[in-house]
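Have a look at work18.json below; it lists JSON, C-alpha atoms.
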```json
[["chain", "number", "residue", "atom", "x", "y", "z"],
["A", 262, "MET", "CA", 89.10, -116.88, -154.74],
["A", 263, "LYS", "CA", 92.17, -115.27, -153.19],
["A", 264, "SER", "CA", 93.31, -111.86, -154.38],
["A", 265, "ARG", "CA", 96.47, -111.68, -156.51],
["A", 266, "ILE", "CA", 97.91, -109.20, -154.02],
["A", 267, "SER", "CA", 97.25, -111.53, -151.09],
["A", 268, "ASN", "CA", 100.24, -112.12, -148.84],
["A", 269, "PRO", "CA", 100.31, -114.48, -145.81],
["A", 270, "GLU", "CA", 101.93, -111.89, -143.52],
["A", 271, "ILE", "CA", 99.52, -109.12, -144.50],
["A", 272, "ASP", "CA", 96.55, -111.48, -144.37],
["A", 273, "LYS", "CA", 97.50, -112.53, -140.85],
["A", 274, "LEU", "CA", 97.84, -108.90, -139.74],
["A", 275, "ILE", "CA", 94.43, -108.00, -141.21],
["A", 276, "LEU", "CA", 92.83, -111.10, -139.66],
["A", 277, "LEU", "CA", 94.17, -110.28, -136.18],
["A", 278, "ILE", "CA", 93.07, -106.64, -136.40],
["A", 279, "SER", "CA", 89.60, -107.73, -137.59],
["A", 280, "LYS", "CA", 89.17, -109.67, -134.32],
["A", 281, "LEU", "CA", 89.28, -106.40, -132.35],
["A", 282, "PRO", "CA", 85.94, -104.82, -131.33],
["A", 283, "GLY", "CA", 84.66, -102.34, -133.90],
["A", 284, "PHE", "CA", 86.75, -103.71, -136.75],
["A", 285, "GLY", "CA", 85.44, -105.50, -139.82],
["A", 286, "PRO", "CA", 87.46, -106.79, -142.79],
["A", 287, "LYS", "CA", 87.52, -103.41, -144.57],
["A", 288, "SER", "CA", 88.41, -101.30, -141.55],
["A", 289, "ALA", "CA", 91.02, -103.91, -140.54],
["A", 290, "SER", "CA", 92.57, -103.66, -144.03],
["A", 291, "ARG", "CA", 92.74, -99.86, -143.75],
["A", 292, "ALA", "CA", 94.30, -100.10, -140.28],
["A", 293, "ALA", "CA", 96.86, -102.63, -141.52],
["A", 294, "LEU", "CA", 97.84, -100.39, -144.43],
["A", 295, "HIS", "CA", 98.17, -97.41, -142.10],
["A", 296, "LEU", "CA", 100.44, -99.40, -139.80],
["A", 297, "ILE", "CA", 102.58, -100.63, -142.68],
["A", 298, "LYS", "CA", 102.92, -97.12, -144.12],
["A", 299, "ASN", "CA", 103.97, -95.81, -140.71],
["A", 300, "LYS", "CA", 106.18, -98.69, -139.68],
["A", 301, "GLU", "CA", 108.82, -96.81, -137.67],
["A", 302, "GLN", "CA", 106.53, -94.19, -136.15],
["A", 303, "LEU", "CA", 103.60, -96.45, -135.28],
["A", 304, "MET", "CA", 103.91, -100.15, -136.12],
["A", 305, "VAL", "CA", 107.16, -100.87, -134.28],
["A", 306, "PRO", "CA", 106.23, -98.89, -131.12],
["A", 307, "LEU", "CA", 102.80, -100.57, -131.13],
["A", 308, "ALA", "CA", 104.36, -104.02, -131.42],
["A", 309, "GLU", "CA", 106.76, -103.24, -128.57],
["A", 310, "SER", "CA", 103.90, -101.90, -126.41],
["A", 311, "LEU", "CA", 101.76, -104.97, -127.10],
["A", 312, "LEU", "CA", 104.62, -107.29, -126.15],
["A", 313, "SER", "CA", 105.36, -105.33, -122.98],
["A", 314, "SER", "CA", 101.68, -105.29, -122.03],
["A", 315, "SER", "CA", 101.30, -109.03, -122.54],
["A", 316, "GLU", "CA", 104.28, -109.65, -120.27],
["A", 317, "ASN", "CA", 103.52, -107.10, -117.53],
["A", 318, "ILE", "CA", 99.77, -106.53, -117.22],
["A", 319, "VAL", "CA", 98.05, -108.77, -114.67],
["A", 320, "THR", "CA", 94.59, -109.14, -113.16],
["A", 321, "CYS", "CA", 94.15, -107.75, -109.65],
["A", 322, "GLU", "CA", 93.71, -110.61, -107.19],
["A", 323, "ILE", "CA", 91.28, -108.52, -105.13],
["A", 324, "CYS", "CA", 88.96, -106.61, -107.46],
["A", 325, "GLY", "CA", 89.54, -108.06, -110.94],
["A", 326, "ASN", "CA", 90.89, -104.82, -112.45],
["A", 327, "ILE", "CA", 94.01, -104.91, -114.65],
["A", 328, "ASP", "CA", 97.31, -103.26, -113.74],
["A", 329, "VAL", "CA", 101.04, -103.97, -113.71],
["A", 330, "ASN", "CA", 100.76, -104.87, -110.03],
["A", 331, "SER", "CA", 98.41, -107.05, -107.98],
["A", 332, "PRO", "CA", 96.77, -105.70, -105.86],
["A", 333, "CYS", "CA", 96.13, -102.83, -108.29],
["A", 334, "MET", "CA", 96.63, -99.09, -107.79],
["A", 335, "ILE", "CA", 92.97, -98.57, -106.84],
["A", 336, "CYS", "CA", 92.94, -101.28, -104.17],
["A", 337, "THR", "CA", 96.19, -100.03, -102.61],
["A", 338, "ASN", "CA", 95.33, -96.31, -102.78],
["A", 339, "GLU", "CA", 95.08, -95.13, -99.16],
["A", 340, "GLY", "CA", 93.19, -92.02, -100.25],
["A", 341, "ARG", "CA", 90.16, -94.02, -101.39],
["A", 342, "SER", "CA", 87.15, -94.85, -99.24],
["A", 343, "LYS", "CA", 87.52, -98.44, -98.04],
["A", 344, "ASN", "CA", 83.92, -98.95, -96.92],
["A", 345, "GLN", "CA", 82.26, -98.80, -100.36],
["A", 346, "ILE", "CA", 82.48, -101.29, -103.21],
["A", 347, "CYS", "CA", 81.10, -100.47, -106.64],
["A", 348, "VAL", "CA", 80.26, -103.67, -108.54],
["A", 349, "VAL", "CA", 80.67, -103.47, -112.32],
["A", 350, "GLU", "CA", 80.22, -105.92, -115.17],
["A", 351, "ASN", "CA", 83.62, -105.43, -116.79],
["A", 352, "ILE", "CA", 86.80, -103.37, -116.74],
["A", 353, "ALA", "CA", 85.47, -100.97, -119.39],
["A", 354, "ASP", "CA", 82.69, -100.01, -116.95],
["A", 355, "LEU", "CA", 85.27, -99.49, -114.19],
["A", 356, "TRP", "CA", 87.22, -97.17, -116.48],
["A", 357, "ALA", "CA", 84.04, -95.26, -117.39],
["A", 358, "LEU", "CA", 83.23, -94.67, -113.71],
["A", 359, "GLU", "CA", 86.80, -93.62, -112.93],
["A", 360, "LYS", "CA", 86.71, -91.15, -115.82],
["A", 361, "SER", "CA", 83.59, -89.54, -114.32],
["A", 362, "GLU", "CA", 85.62, -88.78, -111.13],
["A", 363, "VAL", "CA", 82.54, -89.05, -108.89],
["A", 364, "PHE", "CA", 83.35, -92.28, -107.07],
["A", 365, "ASN", "CA", 86.24, -92.60, -104.64],
["A", 366, "GLY", "CA", 85.64, -96.06, -103.22],
["A", 367, "LEU", "CA", 86.73, -99.54, -104.27],
["A", 368, "TYR", "CA", 85.56, -101.68, -107.19],
["A", 369, "HIS", "CA", 84.70, -105.27, -107.92],
["A", 370, "VAL", "CA", 84.60, -106.64, -111.48],
["A", 371, "LEU", "CA", 82.07, -109.45, -111.98],
["A", 372, "GLY", "CA", 83.41, -110.41, -115.39],
["A", 373, "GLY", "CA", 80.01, -110.50, -117.08],
["A", 374, "ASN", "CA", 76.28, -110.80, -116.47],
["A", 375, "LEU", "CA", 73.99, -113.74, -115.86],
["A", 376, "SER", "CA", 72.66, -114.92, -119.21],
["A", 377, "ALA", "CA", 70.56, -117.99, -119.88],
["A", 378, "ILE", "CA", 71.07, -117.60, -123.64],
["A", 379, "ASN", "CA", 74.86, -117.57, -123.30],
["A", 380, "SER", "CA", 74.84, -120.22, -120.55],
["A", 381, "ILE", "CA", 76.43, -117.87, -118.01],
["A", 382, "GLY", "CA", 75.43, -118.78, -114.45],
["A", 383, "PRO", "CA", 76.43, -117.51, -110.98],
["A", 384, "ASP", "CA", 79.48, -119.80, -110.87],
["A", 385, "ASP", "CA", 80.83, -118.14, -114.03],
["A", 386, "LEU", "CA", 80.94, -114.72, -112.36],
["A", 387, "ASN", "CA", 83.40, -113.34, -109.82],
["A", 388, "LEU", "CA", 80.81, -113.48, -107.02],
["A", 389, "LYS", "CA", 82.60, -115.61, -104.42],
["A", 390, "LYS", "CA", 85.43, -113.10, -104.10],
["A", 391, "LEU", "CA", 82.89, -110.32, -103.64],
["A", 392, "ILE", "CA", 81.28, -112.19, -100.75],
["A", 393, "ASP", "CA", 84.72, -112.93, -99.28],
["A", 394, "ARG", "CA", 85.54, -109.22, -99.40],
["A", 395, "ILE", "CA", 82.30, -108.25, -97.67],
["A", 396, "GLU", "CA", 82.95, -110.82, -94.95],
["A", 397, "GLY", "CA", 86.63, -109.92, -94.55],
["A", 398, "GLU", "CA", 86.63, -106.15, -95.00],
["A", 399, "LYS", "CA", 84.66, -103.35, -93.29],
["A", 400, "ILE", "CA", 82.23, -102.72, -96.15],
["A", 401, "ASP", "CA", 79.17, -100.56, -95.41],
["A", 402, "GLU", "CA", 77.73, -100.21, -98.92],
["A", 403, "VAL", "CA", 77.78, -102.16, -102.17],
["A", 404, "ILE", "CA", 76.75, -100.15, -105.24],
["A", 405, "LEU", "CA", 75.54, -102.23, -108.18],
["A", 406, "ALA", "CA", 76.64, -100.28, -111.26],
["A", 407, "LEU", "CA", 75.37, -102.80, -113.79],
["A", 408, "SER", "CA", 73.94, -102.07, -117.24],
["A", 409, "ALA", "CA", 70.23, -101.31, -117.52],
["A", 410, "THR", "CA", 69.75, -104.31, -119.84],
["A", 411, "VAL", "CA", 67.63, -107.36, -119.03],
["A", 412, "ASP", "CA", 70.74, -109.41, -118.20],
["A", 413, "GLY", "CA", 72.24, -106.54, -116.21],
["A", 414, "GLN", "CA", 69.13, -106.08, -114.09],
["A", 415, "THR", "CA", 68.73, -109.85, -113.61],
["A", 416, "THR", "CA", 72.31, -109.95, -112.35],
["A", 417, "ALA", "CA", 71.71, -106.95, -110.07],
["A", 418, "HIS", "CA", 68.70, -108.64, -108.47],
["A", 419, "TYR", "CA", 70.61, -111.90, -108.02],
["A", 420, "VAL", "CA", 73.60, -110.17, -106.41],
["A", 421, "ALA", "CA", 71.32, -108.08, -104.18],
["A", 422, "ASP", "CA", 69.48, -111.21, -103.07],
["A", 423, "THR", "CA", 72.78, -112.99, -102.37],
["A", 424, "LEU", "CA", 74.08, -110.04, -100.34],
["A", 425, "SER", "CA", 70.84, -109.73, -98.33],
["A", 426, "LYS", "CA", 72.26, -112.42, -96.04],
["A", 427, "HIS", "CA", 75.05, -110.01, -95.05],
["A", 428, "SER", "CA", 74.90, -106.81, -93.01],
["A", 429, "VAL", "CA", 75.68, -104.46, -95.87],
["A", 430, "GLU", "CA", 73.61, -101.79, -97.61],
["A", 431, "VAL", "CA", 73.02, -102.55, -101.29],
["A", 432, "SER", "CA", 72.15, -99.80, -103.76],
["A", 433, "ARG", "CA", 72.00, -99.47, -107.54],
["A", 434, "LEU", "CA", 72.44, -96.67, -110.05],
["A", 435, "GLY", "CA", 69.47, -94.33, -110.23],
["A", 436, "HIS", "CA", 68.28, -91.77, -112.78],
["A", 437, "GLY", "CA", 70.56, -91.13, -115.71],
["A", 438, "VAL", "CA", 70.97, -94.66, -117.02],
["A", 439, "PRO", "CA", 68.39, -95.35, -119.75],
["A", 440, "VAL", "CA", 66.77, -98.77, -120.10],
["A", 441, "GLY", "CA", 69.06, -100.91, -122.24],
["A", 442, "GLY", "CA", 72.00, -98.58, -121.59],
["A", 443, "GLU", "CA", 75.58, -99.79, -121.07],
["A", 444, "LEU", "CA", 77.99, -97.82, -118.90],
["A", 445, "ASP", "CA", 80.99, -97.71, -121.20],
["A", 446, "TYR", "CA", 78.91, -95.96, -123.91],
["A", 447, "MET", "CA", 77.71, -93.13, -121.62],
["A", 448, "ASP", "CA", 79.19, -89.71, -121.02],
["A", 449, "GLU", "CA", 80.68, -88.71, -117.68],
["A", 450, "GLY", "CA", 77.73, -86.45, -116.77],
["A", 451, "THR", "CA", 75.19, -89.26, -117.19],
["A", 452, "ILE", "CA", 77.29, -91.63, -115.09],
["A", 453, "ALA", "CA", 77.75, -88.97, -112.39],
["A", 454, "ALA", "CA", 73.99, -88.36, -112.25],
["A", 455, "ALA", "CA", 73.26, -92.08, -112.02],
["A", 456, "LEU", "CA", 75.79, -92.61, -109.25],
["A", 457, "SER", "CA", 74.57, -89.63, -107.24],
["A", 458, "ALA", "CA", 70.95, -90.79, -107.54],
["A", 459, "ARG", "CA", 71.64, -94.38, -106.57],
["A", 460, "GLN", "CA", 68.80, -96.19, -104.80],
["A", 461, "LYS", "CA", 68.71, -98.76, -102.03],
["A", 462, "ILE", "CA", 67.69, -102.27, -103.05]]
```

Represent the structure of the file as structure tokens.
Amino acid sequence: MKSRISNPEIDKLILLISKLPGFGPKSASRAALHLIKNKEQLMVPLAESLLSSSENIVTCEICGNIDVNSPCMICTNEGRSKNQICVVENIADLWALEKSEVFNGLYHVLGGNLSAINSIGPDDLNLKKLIDRIEGEKIDEVILALSATVDGQTTAHYVADTLSKHSVEVSRLGHGVPVGGELDYMDEGTIAAALSARQKI
């Protein structure tokens, strides 16, 4: 039964917020109320920012990162090492590594992990572009910075096996990443330790 205070506009706002990660119906309701109470200071600027972002943010044609330009700022930064590519599962992992400030090479976003349960196979990942980059650029090392989950390690082994046909060194994160750990939930020190202790595959 619908609440007497139910309103289509408010219901729609709550429903959309509840679709965001970390939000359930109750937390979405609280967020909606906070936005409504702070319409001029928060709701309107947020709406304008969301609209601007939807119109201007694009996916980098090279690495899969997001930016307002393609290629992105990382790919076009002349100060970065061009002979290393760090392969990550998603953009959140890329951001986590950048925040740690211990890697100064390039990135490649796979867009997920291999998963039999979720019917995600090699063709569903951004693997072809990675191979194209290795063949077309002077890449010496590929670092597999994938989560220490079963799917993450399965993906790491598959990518390493695929890249074994190419003359490139393949390494993976070492000590610091616990089994079952995901990069975007780790602190900068843990990520730095894992990157520094990377191991050849």

Local residues around (75.0, -104.4, -100.7), at most 8 Å away, using only C-alpha atoms, as a list in words:
Asp401, Glu402, Val403, Ile404, Leu405, Ala421, Leu424, Ser425, His427, Val429, Glu430, Val431, Ser432 and Ile462 of chain A

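Across the structure, CA of Leu391 in chain A and CA of His369 in chain A are spaced 6.9 Å apart.
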
Select, counting all atoms listed in the file, all protein, DNA and RNA residues no farther than 12 Å from (81.9, -108.9, -115.4) in file coordinates, and express the selection as a PyMOL selection string.
chain A and resi 324-326+348-355+368-376+381-383+385-388+391+405-408+412-413+416-417
